[in-house]
$ cat final-v3.csv   # CSV, C-alpha atoms
chain,number,residue,atom,x,y,z
A,1,MET,CA,1.5,-14.9,-22.5
A,2,THR,CA,-0.1,-16.4,-19.4
A,3,GLN,CA,-0.4,-14.3,-16.2
A,4,GLU,CA,2.1,-16.6,-14.5
A,5,MET,CA,4.8,-15.3,-16.9
A,6,ILE,CA,4.1,-11.6,-16.4
A,7,THR,CA,6.3,-9.9,-13.9
A,8,ALA,CA,5.9,-6.6,-12.0
A,9,ALA,CA,8.2,-4.9,-14.5
A,10,ALA,CA,5.2,-4.8,-17.0
A,11,ALA,CA,3.7,-2.0,-14.9
A,12,GLY,CA,6.8,0.3,-15.4
A,13,THR,CA,8.9,1.9,-12.6
A,14,TRP,CA,9.0,4.9,-10.3
A,15,THR,CA,11.7,6.3,-8.1
A,16,LEU,CA,11.0,6.8,-4.4
A,17,GLY,CA,13.8,9.3,-3.6
A,18,ASP,CA,16.7,7.3,-5.0
A,19,LEU,CA,15.0,3.9,-4.8
A,20,ARG,CA,13.6,2.6,-8.1
A,21,VAL,CA,10.7,0.3,-7.7
A,22,ASN,CA,8.3,-1.5,-10.0
A,23,ARG,CA,4.9,0.2,-9.9
A,24,ILE,CA,3.1,-3.0,-8.8
A,25,GLY,CA,4.1,-3.8,-5.3
A,26,PHE,CA,2.7,-6.0,-2.4
A,27,GLY,CA,0.8,-5.1,0.7
A,28,ALA,CA,1.5,-7.3,3.7
A,29,MET,CA,-1.6,-6.4,5.8
A,30,ARG,CA,-3.5,-9.6,5.0
A,31,LEU,CA,-0.6,-12.0,5.6
A,32,PRO,CA,-0.8,-12.5,9.4
A,33,GLN,CA,-4.5,-13.7,9.5
A,34,ASP,CA,-7.3,-15.2,7.5
A,35,GLY,CA,-10.5,-13.1,7.4
A,36,THR,CA,-10.7,-9.5,8.5
A,37,ALA,CA,-7.4,-7.7,9.2
A,38,PHE,CA,-6.9,-6.4,12.7
A,39,ASP,CA,-9.7,-8.6,14.1
A,40,PRO,CA,-8.2,-10.0,17.3
A,41,ASP,CA,-10.4,-13.1,16.9
A,42,ALA,CA,-9.4,-13.8,13.3
A,43,PRO,CA,-7.6,-17.1,12.8
A,44,PRO,CA,-3.8,-16.8,12.2
A,45,GLY,CA,-2.8,-17.3,8.6
A,46,ASP,CA,-0.8,-20.3,7.5
A,47,ARG,CA,2.8,-19.5,8.1
A,48,ASP,CA,4.3,-21.6,5.2
A,49,ARG,CA,1.7,-20.2,2.8
A,50,ALA,CA,2.6,-16.6,3.7
A,51,ILE,CA,6.3,-17.2,3.3
A,52,SER,CA,5.7,-18.9,0.0
A,53,VAL,CA,3.6,-15.9,-1.2
A,54,LEU,CA,6.3,-13.4,-0.2
A,55,ARG,CA,9.0,-15.4,-2.0
A,56,ARG,CA,6.8,-15.8,-5.1
A,57,ALA,CA,6.2,-12.1,-5.1
A,58,VAL,CA,9.9,-11.4,-5.3
A,59,GLU,CA,10.3,-14.0,-8.0
A,60,LEU,CA,7.6,-12.2,-10.0
A,61,GLY,CA,9.6,-8.9,-9.8
A,62,VAL,CA,7.9,-7.3,-6.9
A,63,ASN,CA,10.5,-5.0,-5.2
A,64,HIS,CA,8.3,-2.8,-3.1
A,65,ILE,CA,6.6,-4.3,0.0
A,66,ASP,CA,4.4,-2.3,2.3
A,67,THR,CA,4.1,-3.4,5.9
A,68,ALA,CA,3.8,-2.2,9.5
A,69,ALA,CA,4.6,-3.5,13.0
A,70,PHE,CA,0.9,-3.3,13.8
A,71,TYR,CA,0.1,-5.9,11.1
A,72,PHE,CA,-0.1,-8.9,13.4
A,73,SER,CA,-2.5,-11.7,14.5
A,74,ARG,CA,-2.3,-13.9,17.6
A,75,LEU,CA,0.6,-15.9,16.2
A,76,ARG,CA,1.8,-14.0,13.1
A,77,SER,CA,3.6,-10.8,12.5
A,78,ALA,CA,3.9,-9.4,8.9
A,79,ASN,CA,7.3,-8.0,9.6
A,80,GLU,CA,8.7,-11.2,11.0
A,81,LEU,CA,7.1,-13.2,8.1
A,82,ILE,CA,8.9,-10.8,5.7
A,83,ASN,CA,12.2,-11.3,7.6
A,84,ARG,CA,11.9,-15.1,7.6
A,85,ALA,CA,10.9,-15.3,3.9
A,86,LEU,CA,13.3,-12.8,2.3
A,87,ALA,CA,16.3,-12.1,4.5
A,88,PRO,CA,19.1,-11.7,3.5
A,89,TYR,CA,17.1,-9.1,1.5
A,90,PRO,CA,17.7,-8.6,-2.3
A,91,ASP,CA,19.6,-5.4,-3.0
A,92,ASP,CA,16.7,-3.8,-4.9
A,93,LEU,CA,14.0,-4.7,-2.4
A,94,VAL,CA,12.3,-1.6,-0.9
A,95,ILE,CA,10.4,-2.2,2.4
A,96,ALA,CA,8.0,0.5,3.4
A,97,THR,CA,6.6,0.6,6.8
A,98,LYS,CA,4.2,2.9,8.8
A,99,VAL,CA,4.3,4.4,12.2
A,100,GLY,CA,1.8,6.4,14.3
A,101,PRO,CA,-0.8,3.7,15.1
A,102,GLY,CA,-0.1,1.0,17.6
A,103,ARG,CA,-1.8,-2.1,19.0
A,104,ASP,CA,-1.3,-3.8,22.4
A,105,ALA,CA,-0.6,-7.5,22.9
A,106,SER,CA,-4.3,-8.3,22.7
A,107,GLY,CA,-4.6,-6.6,19.4
A,108,ALA,CA,-6.5,-3.6,20.7
A,109,TRP,CA,-5.7,-0.2,19.2
A,110,MET,CA,-3.8,2.3,21.4
A,111,PRO,CA,-3.6,6.1,21.0
A,112,HIS,CA,-1.4,7.2,18.2
A,113,ALA,CA,2.2,7.7,19.1
A,114,THR,CA,3.4,11.0,20.4
A,115,PRO,CA,6.6,12.5,18.8
A,116,GLY,CA,8.6,11.0,21.6
A,117,GLN,CA,7.2,7.6,21.1
A,118,LEU,CA,7.9,7.4,17.4
A,119,ARG,CA,11.5,6.4,17.8
A,120,GLY,CA,10.4,3.3,19.7
A,121,GLN,CA,8.0,2.3,16.9
A,122,VAL,CA,10.8,2.8,14.3
A,123,GLU,CA,13.2,0.6,16.4
A,124,GLU,CA,10.5,-2.1,16.7
A,125,ASN,CA,10.2,-2.2,12.9
A,126,LEU,CA,14.0,-2.4,12.7
A,127,ARG,CA,14.1,-5.3,15.1
A,128,GLN,CA,11.3,-7.3,13.5
A,129,LEU,CA,12.6,-6.8,10.0
A,130,GLY,CA,16.2,-7.4,11.0
A,131,ARG,CA,17.6,-4.3,9.5
A,132,ASP,CA,19.9,-1.4,10.5
A,133,HIS,CA,17.8,1.2,8.7
A,134,LEU,CA,14.3,1.4,7.2
A,135,ASP,CA,14.0,2.2,3.5
A,136,LEU,CA,10.8,4.2,3.8
A,137,VAL,CA,8.7,5.2,6.8
A,138,ASN,CA,5.2,6.6,6.3
A,139,LEU,CA,3.7,8.7,9.2
A,140,ARG,CA,0.1,7.7,9.4
A,141,ILE,CA,-2.2,10.2,11.0
A,142,VAL,CA,-5.9,10.6,11.8
A,143,GLY,CA,-7.7,14.0,11.5
A,144,THR,CA,-6.7,17.4,10.2
A,145,ASP,CA,-4.4,18.6,13.0
A,146,SER,CA,-0.8,19.7,12.4
A,147,LEU,CA,1.7,16.8,11.9
A,148,ALA,CA,4.7,19.1,12.2
A,149,GLU,CA,6.0,17.8,15.6
A,150,ARG,CA,5.5,14.1,14.7
A,151,PHE,CA,7.0,14.5,11.2
A,152,GLY,CA,9.8,16.5,12.6
A,153,ALA,CA,10.7,13.6,15.0
A,154,LEU,CA,10.9,11.3,12.1
A,155,ALA,CA,13.0,13.8,10.1
A,156,GLU,CA,15.5,13.7,13.0
A,157,LEU,CA,15.7,9.9,12.8
A,158,ARG,CA,16.3,10.3,9.1
A,159,GLU,CA,19.2,12.6,9.8
A,160,ALA,CA,20.5,10.0,12.3
A,161,GLY,CA,20.5,7.3,9.6
A,162,LEU,CA,17.7,5.1,10.9
A,163,ILE,CA,15.4,6.1,8.0
A,164,ARG,CA,16.3,6.6,4.4
A,165,HIS,CA,13.1,8.2,3.1
A,166,LEU,CA,9.9,9.6,4.5
A,167,GLY,CA,6.3,9.5,3.4
A,168,LEU,CA,2.8,10.3,4.7
A,169,SER,CA,-0.4,8.2,5.1
A,170,ASN,CA,-4.1,9.1,5.4
A,171,VAL,CA,-3.4,12.8,4.9
A,172,GLN,CA,-4.8,15.9,3.2
A,173,PRO,CA,-3.0,18.3,0.9
A,174,HIS,CA,-2.2,20.8,3.6
A,175,HIS,CA,-0.4,18.0,5.5
A,176,LEU,CA,1.9,17.4,2.5
A,177,ALA,CA,2.7,21.0,2.3
A,178,GLU,CA,3.5,21.2,6.0
A,179,ALA,CA,5.7,18.1,5.9
A,180,GLN,CA,7.6,19.2,2.7
A,181,ALA,CA,8.7,22.3,4.6
A,182,ILE,CA,10.4,20.1,7.2
A,183,ALA,CA,11.9,17.2,5.1
A,184,PRO,CA,11.5,15.7,1.6
A,185,VAL,CA,8.4,13.5,1.2
A,186,VAL,CA,8.6,10.7,-1.4
A,187,CYS,CA,5.1,9.3,-1.2
A,188,VAL,CA,1.6,9.8,0.0
A,189,GLN,CA,-0.3,6.6,0.9
A,190,ASN,CA,-4.1,7.2,1.1
A,191,PRO,CA,-7.3,5.2,0.7
A,192,TYR,CA,-8.3,5.5,-3.0
A,193,GLY,CA,-9.6,3.4,-5.8
A,194,LEU,CA,-12.2,3.2,-8.5
A,195,GLY,CA,-15.4,4.4,-6.8
A,196,VAL,CA,-13.5,5.2,-3.5
A,197,ARG,CA,-12.7,8.8,-2.4
A,198,ALA,CA,-13.4,10.2,-5.9
A,199,GLU,CA,-12.9,13.7,-4.4
A,200,GLN,CA,-9.2,13.0,-4.0
A,201,ARG,CA,-8.5,13.0,-7.7
A,202,GLU,CA,-7.1,16.5,-7.6
A,203,PHE,CA,-4.7,15.5,-4.8
A,204,VAL,CA,-3.5,12.5,-6.8
A,205,ARG,CA,-2.7,14.8,-9.7
A,206,SER,CA,-1.0,17.4,-7.4
A,207,CYS,CA,1.2,14.7,-6.0
A,208,GLY,CA,2.4,13.9,-9.5
A,209,GLU,CA,3.2,17.5,-10.2
A,210,GLN,CA,5.4,17.6,-7.1
A,211,GLY,CA,7.2,14.4,-8.0
A,212,VAL,CA,5.6,12.6,-5.0
A,213,ALA,CA,4.4,9.0,-5.5
A,214,PHE,CA,0.7,8.4,-4.7
A,215,VAL,CA,0.3,4.9,-3.2
A,216,PRO,CA,-3.4,4.0,-2.8
A,217,PHE,CA,-4.6,1.3,-0.5
A,218,TYR,CA,-8.0,-0.4,-0.6
A,219,SER,CA,-7.8,0.0,-4.4
A,220,ILE,CA,-9.4,-3.4,-4.8
A,221,ALA,CA,-11.3,-3.8,-1.5
A,222,GLY,CA,-12.9,-0.4,-1.7
A,223,ALA,CA,-15.7,-0.1,0.9
A,224,GLY,CA,-14.7,-3.6,2.1
A,225,ARG,CA,-11.5,-2.1,3.6
A,226,GLU,CA,-9.9,-4.5,6.1
A,227,ALA,CA,-12.4,-7.2,5.3
A,228,GLY,CA,-11.3,-7.3,1.7
A,229,GLY,CA,-13.6,-7.0,-1.3
A,230,ASN,CA,-14.8,-8.8,-4.4
A,231,GLY,CA,-13.1,-6.4,-6.8
A,232,GLY,CA,-16.3,-5.3,-8.5
A,233,ALA,CA,-18.2,-8.6,-8.8
A,234,GLY,CA,-21.1,-7.4,-6.7
A,235,ALA,CA,-22.9,-5.1,-9.2
A,236,ALA,CA,-25.9,-7.3,-9.4
A,237,ALA,CA,-26.5,-7.0,-5.7
A,238,GLY,CA,-25.5,-3.3,-5.5
A,239,ALA,CA,-27.4,-0.1,-5.8
A,240,GLY,CA,-26.9,3.4,-7.0
A,241,ALA,CA,-23.5,4.8,-7.8
A,242,GLU,CA,-21.5,1.9,-6.3
A,243,ALA,CA,-23.4,-0.6,-8.6
A,244,GLY,CA,-22.7,1.7,-11.5
A,245,ALA,CA,-19.0,1.6,-10.9
A,246,ASP,CA,-19.1,-2.2,-10.5
A,247,ALA,CA,-21.1,-2.5,-13.8
A,248,ALA,CA,-18.5,-0.5,-15.6
A,249,VAL,CA,-15.7,-2.6,-14.2
A,250,LEU,CA,-17.4,-5.8,-15.2
A,251,ALA,CA,-17.9,-4.5,-18.8
A,252,VAL,CA,-14.2,-3.7,-19.2
A,253,ALA,CA,-13.2,-7.0,-17.5
A,254,ARG,CA,-15.2,-9.0,-20.0
A,255,ALA,CA,-13.7,-7.2,-22.9
A,256,HIS,CA,-10.2,-8.1,-21.8
A,257,GLY,CA,-10.9,-11.5,-20.4
A,258,ALA,CA,-9.6,-10.1,-17.1
A,259,SER,CA,-11.0,-10.1,-13.5
A,260,PRO,CA,-12.7,-7.1,-12.0
A,261,ALA,CA,-9.8,-6.8,-9.5
A,262,GLN,CA,-7.3,-6.6,-12.4
A,263,VAL,CA,-9.3,-3.8,-14.1
A,264,ARG,CA,-9.4,-1.9,-10.8
A,265,LEU,CA,-5.6,-2.2,-10.5
A,266,ALA,CA,-5.1,-1.3,-14.1
A,267,TRP,CA,-7.3,1.8,-13.8
A,268,THR,CA,-5.2,2.8,-10.7
A,269,LEU,CA,-2.0,2.5,-12.7
A,270,HIS,CA,-3.4,4.5,-15.6
A,271,LEU,CA,-3.9,7.6,-13.4
A,272,GLY,CA,-0.2,8.6,-13.7
A,273,GLU,CA,3.3,7.2,-13.8
A,274,HIS,CA,3.6,8.4,-10.1
A,275,VAL,CA,0.8,6.1,-8.9
A,276,LEU,CA,1.9,2.8,-7.4
A,277,ALA,CA,-0.2,-0.2,-6.4
A,278,ILE,CA,0.2,-2.4,-3.3
A,279,PRO,CA,-2.4,-5.1,-3.5
A,280,GLY,CA,-2.2,-7.7,-0.8
A,281,THR,CA,-3.2,-11.3,-0.7
A,282,GLY,CA,-2.3,-14.6,1.0
A,283,ASN,CA,-3.3,-16.5,-2.1
A,284,PRO,CA,-0.6,-17.3,-4.7
A,285,ASP,CA,-3.1,-17.4,-7.6
A,286,HIS,CA,-4.4,-13.9,-6.6
A,287,LEU,CA,-0.8,-12.7,-6.4
A,288,ALA,CA,0.0,-13.7,-9.9
A,289,ALA,CA,-3.2,-12.1,-11.2
A,290,ASN,CA,-2.5,-8.9,-9.3
A,291,VAL,CA,1.0,-8.7,-10.8
A,292,ALA,CA,-0.4,-9.5,-14.3
A,293,ALA,CA,-2.7,-6.5,-14.0
A,294,GLY,CA,0.3,-4.3,-14.6
A,295,ALA,CA,0.3,-5.5,-18.2
A,296,LEU,CA,-3.4,-4.7,-18.8
A,297,ARG,CA,-3.7,-1.7,-21.1
A,298,LEU,CA,-7.0,0.2,-21.1
A,299,SER,CA,-8.2,2.3,-24.1
A,300,GLU,CA,-9.2,5.9,-23.9
A,301,ASP,CA,-12.8,4.9,-24.2
A,302,GLU,CA,-12.5,2.4,-21.4
A,303,MET,CA,-10.8,4.9,-19.1
A,304,GLN,CA,-13.5,7.4,-19.9
A,305,LEU,CA,-16.2,4.9,-19.0
A,306,LEU,CA,-14.4,4.0,-15.7
A,307,ASP,CA,-13.7,7.6,-14.9
A,308,THR,CA,-17.4,8.5,-15.3
A,309,ALA,CA,-18.4,5.7,-13.0
A,310,HIS,CA,-15.7,6.9,-10.5
A,311,ARG,CA,-16.9,10.5,-10.5
A,312,SER,CA,-20.5,9.4,-10.0
A,313,THR,CA,-19.6,8.1,-6.5
A,314,ALA,CA,-18.2,11.4,-5.3
$ encode --input "final-v3.csv" --output "structure tokens"
Amino acid sequence: MTQEMITAAAAGTWTLGDLRVNRIGFGAMRLPQDGTAFDPDAPPGDRDRAISVLRRAVELGVNHIDTAAFYFSRLRSANELINRALAPYPDDLVIATKVGPGRDASGAWMPHATPGQLRGQVEENLRQLGRDHLDLVNLRIVGTDSLAERFGALAELREAGLIRHLGLSNVQPHHLAEAQAIAPVVCVQNPYGLGVRAEQREFVRSCGEQGVAFVPFYSIAGAGREAGGNGGAGAAAGAGAEAGADAAVLAVARAHGASPAQVRLAWTLHLGEHVLAIPGTGNPDHLAANVAAGALRLSEDEMQLLDTAHRSTA
């Protein structure tokens, strides 16, 4: 079977609250611009290409899209591209967004929203997406301080019917416990991947025990973050633990006739049924390859090899 015939269903499913999604989703961060995300000088992405990629993602069975109102370039907004491409939305499509951070019209970052400002951010997402409620809103934070007031403000909007489910982004275990005491949390969205934040493995496991989805971002880009990454093709130029992880990825990729990016995604999905993936791309070929990674099955020996390389980066 060619990768163009593999759909997101091959990765299996998970339920976010009462919303069942395929475990391979799509991240919209890279759609508004070419080059580095959030760079005010980055050239806007091609509008028709972005719309085409979004529609193709849904055709390939993707029913979980991650976005945010602060995903925009000089001319493009991820939310409005999603609206233009997919509205009226399929009944099974889950759109997750984030609040907390904000950018001004020039693209510069502003201070994170206060509890009183979060409603405005929620309403902006509603407006841009053309919806009367948001399926899932993740509160993104920075630092270790209490999130109780901010999460409590979102819990009130959930009670008011503007939000269906709540999640957290860029958090630590104590934040999850704090939020769970206020309202149900259906997912944690943190930076994590093969060779990235290896110390979080216990948190990944703990989320699964609590029935909370773990949704890693930068699982392909790794240290490249907003600039993207090569998926592990840089071992020859790397050094130390990072090069070791790349070498392990390349070895497994060759054995399966797969790309390093596909191996990284497959490793992520093998961490547990509660782990979802939201790789993003503006390239239709990369989209098909990312979705096809959900069908890649790694052996116990391959997982041990990759896990050893992952732990060596901690």
$ residues_around --input "final-v3.csv" --residues "stretch 47-49 of chain A" --least-positions-apart "6" --cutoff "8 Å" --atoms "all atoms listed in the file" --output "MDAnalysis selection string"
chainID A and resid 32 76 81 282:283
$ write_last_selection --input "final-v3.csv" --atoms "C-alpha atoms" --output "mmCIF file, in the coordinates of the input"
data_model
loop_
_atom_site.group_PDB
_atom_site.id
_atom_site.type_symbol
_atom_site.label_atom_id
_atom_site.label_comp_id
_atom_site.auth_asym_id
_atom_site.auth_seq_id
_atom_site.Cartn_x
_atom_site.Cartn_y
_atom_site.Cartn_z
ATOM 1 C CA PRO A 32 -0.800 -12.500 9.400
ATOM 2 C CA ARG A 76 1.800 -14.000 13.100
ATOM 3 C CA LEU A 81 7.100 -13.200 8.100
ATOM 4 C CA GLY A 282 -2.300 -14.600 1.000
ATOM 5 C CA ASN A 283 -3.300 -16.500 -2.100
#
$ closest_atom_pairs --input "final-v3.csv" --of "stretch 120-186 of chain A" --to "stretch 210-219 of chain A" --cutoff "10 Å" --atoms "all atoms listed in the file" --output "JSON lines"
{"residue": "A:Gly167", "atom": "CA", "partner": "A:Val212", "partner_atom": "CA", "distance": 9.0}
{"residue": "A:Leu168", "atom": "CA", "partner": "A:Phe214", "partner_atom": "CA", "distance": 9.8}
{"residue": "A:Ser169", "atom": "CA", "partner": "A:Val215", "partner_atom": "CA", "distance": 9.0}
{"residue": "A:Asn170", "atom": "CA", "partner": "A:Pro216", "partner_atom": "CA", "distance": 9.7}
{"residue": "A:Leu176", "atom": "CA", "partner": "A:Val212", "partner_atom": "CA", "distance": 9.6}
{"residue": "A:Pro184", "atom": "CA", "partner": "A:Val212", "partner_atom": "CA", "distance": 9.4}
{"residue": "A:Val185", "atom": "CA", "partner": "A:Val212", "partner_atom": "CA", "distance": 6.9}
{"residue": "A:Val186", "atom": "CA", "partner": "A:Val212", "partner_atom": "CA", "distance": 5.1}
$ closest_residue --input "final-v3.csv" --among "A:Leu147, A:Ile24, A:Val275, A:Gly161" --to "A:Glu209" --atoms "all atoms listed in the file"
A:Val275
$ residues_around --input "final-v3.csv" --residues "A:Val62" --least-positions-apart "6" --cutoff "9 Å" --atoms "only C-alpha atoms" --output "ChimeraX atom specification"
/A:7-9,21-26,56,93,291
$ atom_distance --input "final-v3.csv" --atom1 "atom CA of A:Ala78" --atom2 "atom CA of A:Trp109"
16.8 Å
$ closest_residue --input "final-v3.csv" --among "A:Ile220, A:Leu31, A:Ile182, A:Leu276" --to "A:Val204" --atoms "all atoms listed in the file"
A:Leu276
$ residues_near_point --input "final-v3.csv" --point "(9.8, 2.1, 15.2)" --cutoff "12 Å" --atoms "only C-alpha atoms" --output "VMD selection string"
chain A and resid 68 to 70 79 97 to 102 113 115 to 129 131 to 134 136 to 139 153 to 154 157 162 to 163
$ atom_distance --input "final-v3.csv" --atom1 "atom CA of A:Tyr89" --atom2 "atom CA of A:Asp66"
14.4 Å
$ atom_distance --input "final-v3.csv" --atom1 "atom CA of A:Arg297" --atom2 "atom CA of A:His310"
18.2 Å
$ residues_around --input "final-v3.csv" --residues "stretch 197-199 of chain A" --least-positions-apart "5" --cutoff "9 Å" --atoms "only C-alpha atoms" --output "ChimeraX atom specification"
/A:191-192,310-314
$ closest_residue --input "final-v3.csv" --among "A:Arg254, A:Ala105, A:Glu159, A:Leu271" --to "A:Phe203" --atoms "only C-alpha atoms"
A:Leu271
$ closest_residue --input "final-v3.csv" --among "A:Ala292, A:Val188, A:Leu305, A:Ala28" --to "A:Asp246" --atoms "all atoms listed in the file"
A:Leu305
$ closest_residue --input "final-v3.csv" --among "A:Arg20, A:Glu202, A:Asp39, A:Ser52" --to "A:Asp285" --atoms "all atoms listed in the file"
A:Ser52
$ residues_around --input "final-v3.csv" --residues "A:Leu296" --least-positions-apart "6" --cutoff "10 Å" --atoms "all atoms listed in the file" --output "ChimeraX atom specification"
/A:10-11,256,258,262-263,265-267,269-270
$ closest_residue --input "final-v3.csv" --among "A:Pro284, A:Gly208, A:Ala309, A:Ser77" --to "A:Leu250" --atoms "all atoms listed in the file"
A:Ala309
$ residues_around --input "final-v3.csv" --residues "A:Pro44" --least-positions-apart "3" --cutoff "7 Å" --atoms "only C-alpha atoms" --output "list in words"
Pro32, Gln33, Asp34, Ser73, Arg74, Leu75 and Arg76 of chain A
$ decode --input "final-v3.csv" --residues "stretch 105-185 of chain A" --atoms "C-alpha atoms" --output "mmCIF file, in the first residue's frame"
data_model
loop_
_atom_site.group_PDB
_atom_site.id
_atom_site.type_symbol
_atom_site.label_atom_id
_atom_site.label_comp_id
_atom_site.auth_asym_id
_atom_site.auth_seq_id
_atom_site.Cartn_x
_atom_site.Cartn_y
_atom_site.Cartn_z
ATOM 1 C CA ALA A 105 -0.693 43.570 14.692
ATOM 2 C CA SER A 106 3.035 43.796 13.961
ATOM 3 C CA GLY A 107 3.561 40.218 15.112
ATOM 4 C CA ALA A 108 5.350 41.135 18.337
ATOM 5 C CA TRP A 109 4.553 39.070 21.416
ATOM 6 C CA MET A 110 2.489 40.698 24.145
ATOM 7 C CA PRO A 111 2.287 39.746 27.835
ATOM 8 C CA HIS A 112 0.240 36.617 28.422
ATOM 9 C CA ALA A 113 -3.451 37.235 28.970
ATOM 10 C CA THR A 114 -4.799 37.871 32.439
ATOM 11 C CA PRO A 115 -7.856 35.928 33.619
ATOM 12 C CA GLY A 116 -10.025 38.857 32.556
ATOM 13 C CA GLN A 117 -8.517 38.945 29.068
ATOM 14 C CA LEU A 118 -9.012 35.270 28.267
ATOM 15 C CA ARG A 119 -12.647 35.695 27.241
ATOM 16 C CA GLY A 120 -11.555 38.131 24.534
ATOM 17 C CA GLN A 121 -9.066 35.585 23.214
ATOM 18 C CA VAL A 122 -11.717 32.866 23.196
ATOM 19 C CA GLU A 123 -14.129 35.147 21.342
ATOM 20 C CA GLU A 124 -11.449 36.033 18.788
ATOM 21 C CA ASN A 125 -10.930 32.339 18.050
ATOM 22 C CA LEU A 126 -14.690 31.893 17.704
ATOM 23 C CA ARG A 127 -14.894 34.801 15.266
ATOM 24 C CA GLN A 128 -11.985 33.694 13.117
ATOM 25 C CA LEU A 129 -13.134 30.074 12.965
ATOM 26 C CA GLY A 130 -16.778 31.003 12.421
ATOM 27 C CA ARG A 131 -18.075 28.865 15.278
ATOM 28 C CA ASP A 132 -20.447 29.335 18.183
ATOM 29 C CA HIS A 133 -18.305 27.219 20.519
ATOM 30 C CA LEU A 134 -14.753 25.845 20.611
ATOM 31 C CA ASP A 135 -14.249 22.078 20.791
ATOM 32 C CA LEU A 136 -11.091 22.262 22.882
ATOM 33 C CA VAL A 137 -9.169 25.176 24.375
ATOM 34 C CA ASN A 138 -5.682 24.690 25.800
ATOM 35 C CA LEU A 139 -4.418 27.206 28.334
ATOM 36 C CA ARG A 140 -0.779 27.820 27.469
ATOM 37 C CA ILE A 141 1.429 29.136 30.243
ATOM 38 C CA VAL A 142 5.050 30.045 30.887
ATOM 39 C CA GLY A 143 6.789 29.278 34.173
ATOM 40 C CA THR A 144 5.810 27.413 37.305
ATOM 41 C CA ASP A 145 3.360 29.828 38.951
ATOM 42 C CA SER A 146 -0.222 28.887 39.773
ATOM 43 C CA LEU A 147 -2.637 28.734 36.855
ATOM 44 C CA ALA A 148 -5.743 28.507 39.040
ATOM 45 C CA GLU A 149 -7.171 31.955 38.268
ATOM 46 C CA ARG A 150 -6.615 31.660 34.538
ATOM 47 C CA PHE A 151 -7.877 28.102 34.281
ATOM 48 C CA GLY A 152 -10.823 29.025 36.463
ATOM 49 C CA ALA A 153 -11.748 31.783 34.004
ATOM 50 C CA LEU A 154 -11.781 29.239 31.173
ATOM 51 C CA ALA A 155 -13.814 26.825 33.302
ATOM 52 C CA GLU A 156 -16.458 29.557 33.628
ATOM 53 C CA LEU A 157 -16.539 29.937 29.834
ATOM 54 C CA ARG A 158 -16.934 26.165 29.582
ATOM 55 C CA GLU A 159 -19.932 26.350 31.915
ATOM 56 C CA ALA A 160 -21.323 29.158 29.733
ATOM 57 C CA GLY A 161 -21.157 26.908 26.650
ATOM 58 C CA LEU A 162 -18.403 28.735 24.747
ATOM 59 C CA ILE A 163 -15.935 25.876 25.273
ATOM 60 C CA ARG A 164 -16.619 22.152 25.183
ATOM 61 C CA HIS A 165 -13.391 20.775 26.665
ATOM 62 C CA LEU A 166 -10.280 22.164 28.352
ATOM 63 C CA GLY A 167 -6.609 21.302 28.110
ATOM 64 C CA LEU A 168 -3.206 22.613 29.174
ATOM 65 C CA SER A 169 -0.058 23.552 27.253
ATOM 66 C CA ASN A 170 3.581 23.905 28.315
ATOM 67 C CA VAL A 171 2.879 22.744 31.866
ATOM 68 C CA GLN A 172 4.361 20.648 34.640
ATOM 69 C CA PRO A 173 2.714 17.844 36.633
ATOM 70 C CA HIS A 174 1.663 20.117 39.490
ATOM 71 C CA HIS A 175 -0.207 22.323 37.016
ATOM 72 C CA LEU A 176 -2.257 19.352 35.837
ATOM 73 C CA ALA A 177 -3.191 18.472 39.414
ATOM 74 C CA GLU A 178 -4.121 22.086 40.118
ATOM 75 C CA ALA A 179 -6.309 22.344 37.031
ATOM 76 C CA GLN A 180 -8.003 18.969 37.574
ATOM 77 C CA ALA A 181 -9.240 20.252 40.929
ATOM 78 C CA ILE A 182 -11.084 23.031 39.065
ATOM 79 C CA ALA A 183 -12.453 21.344 35.919
ATOM 80 C CA PRO A 184 -11.780 18.233 33.817
ATOM 81 C CA VAL A 185 -8.623 18.329 31.682
#
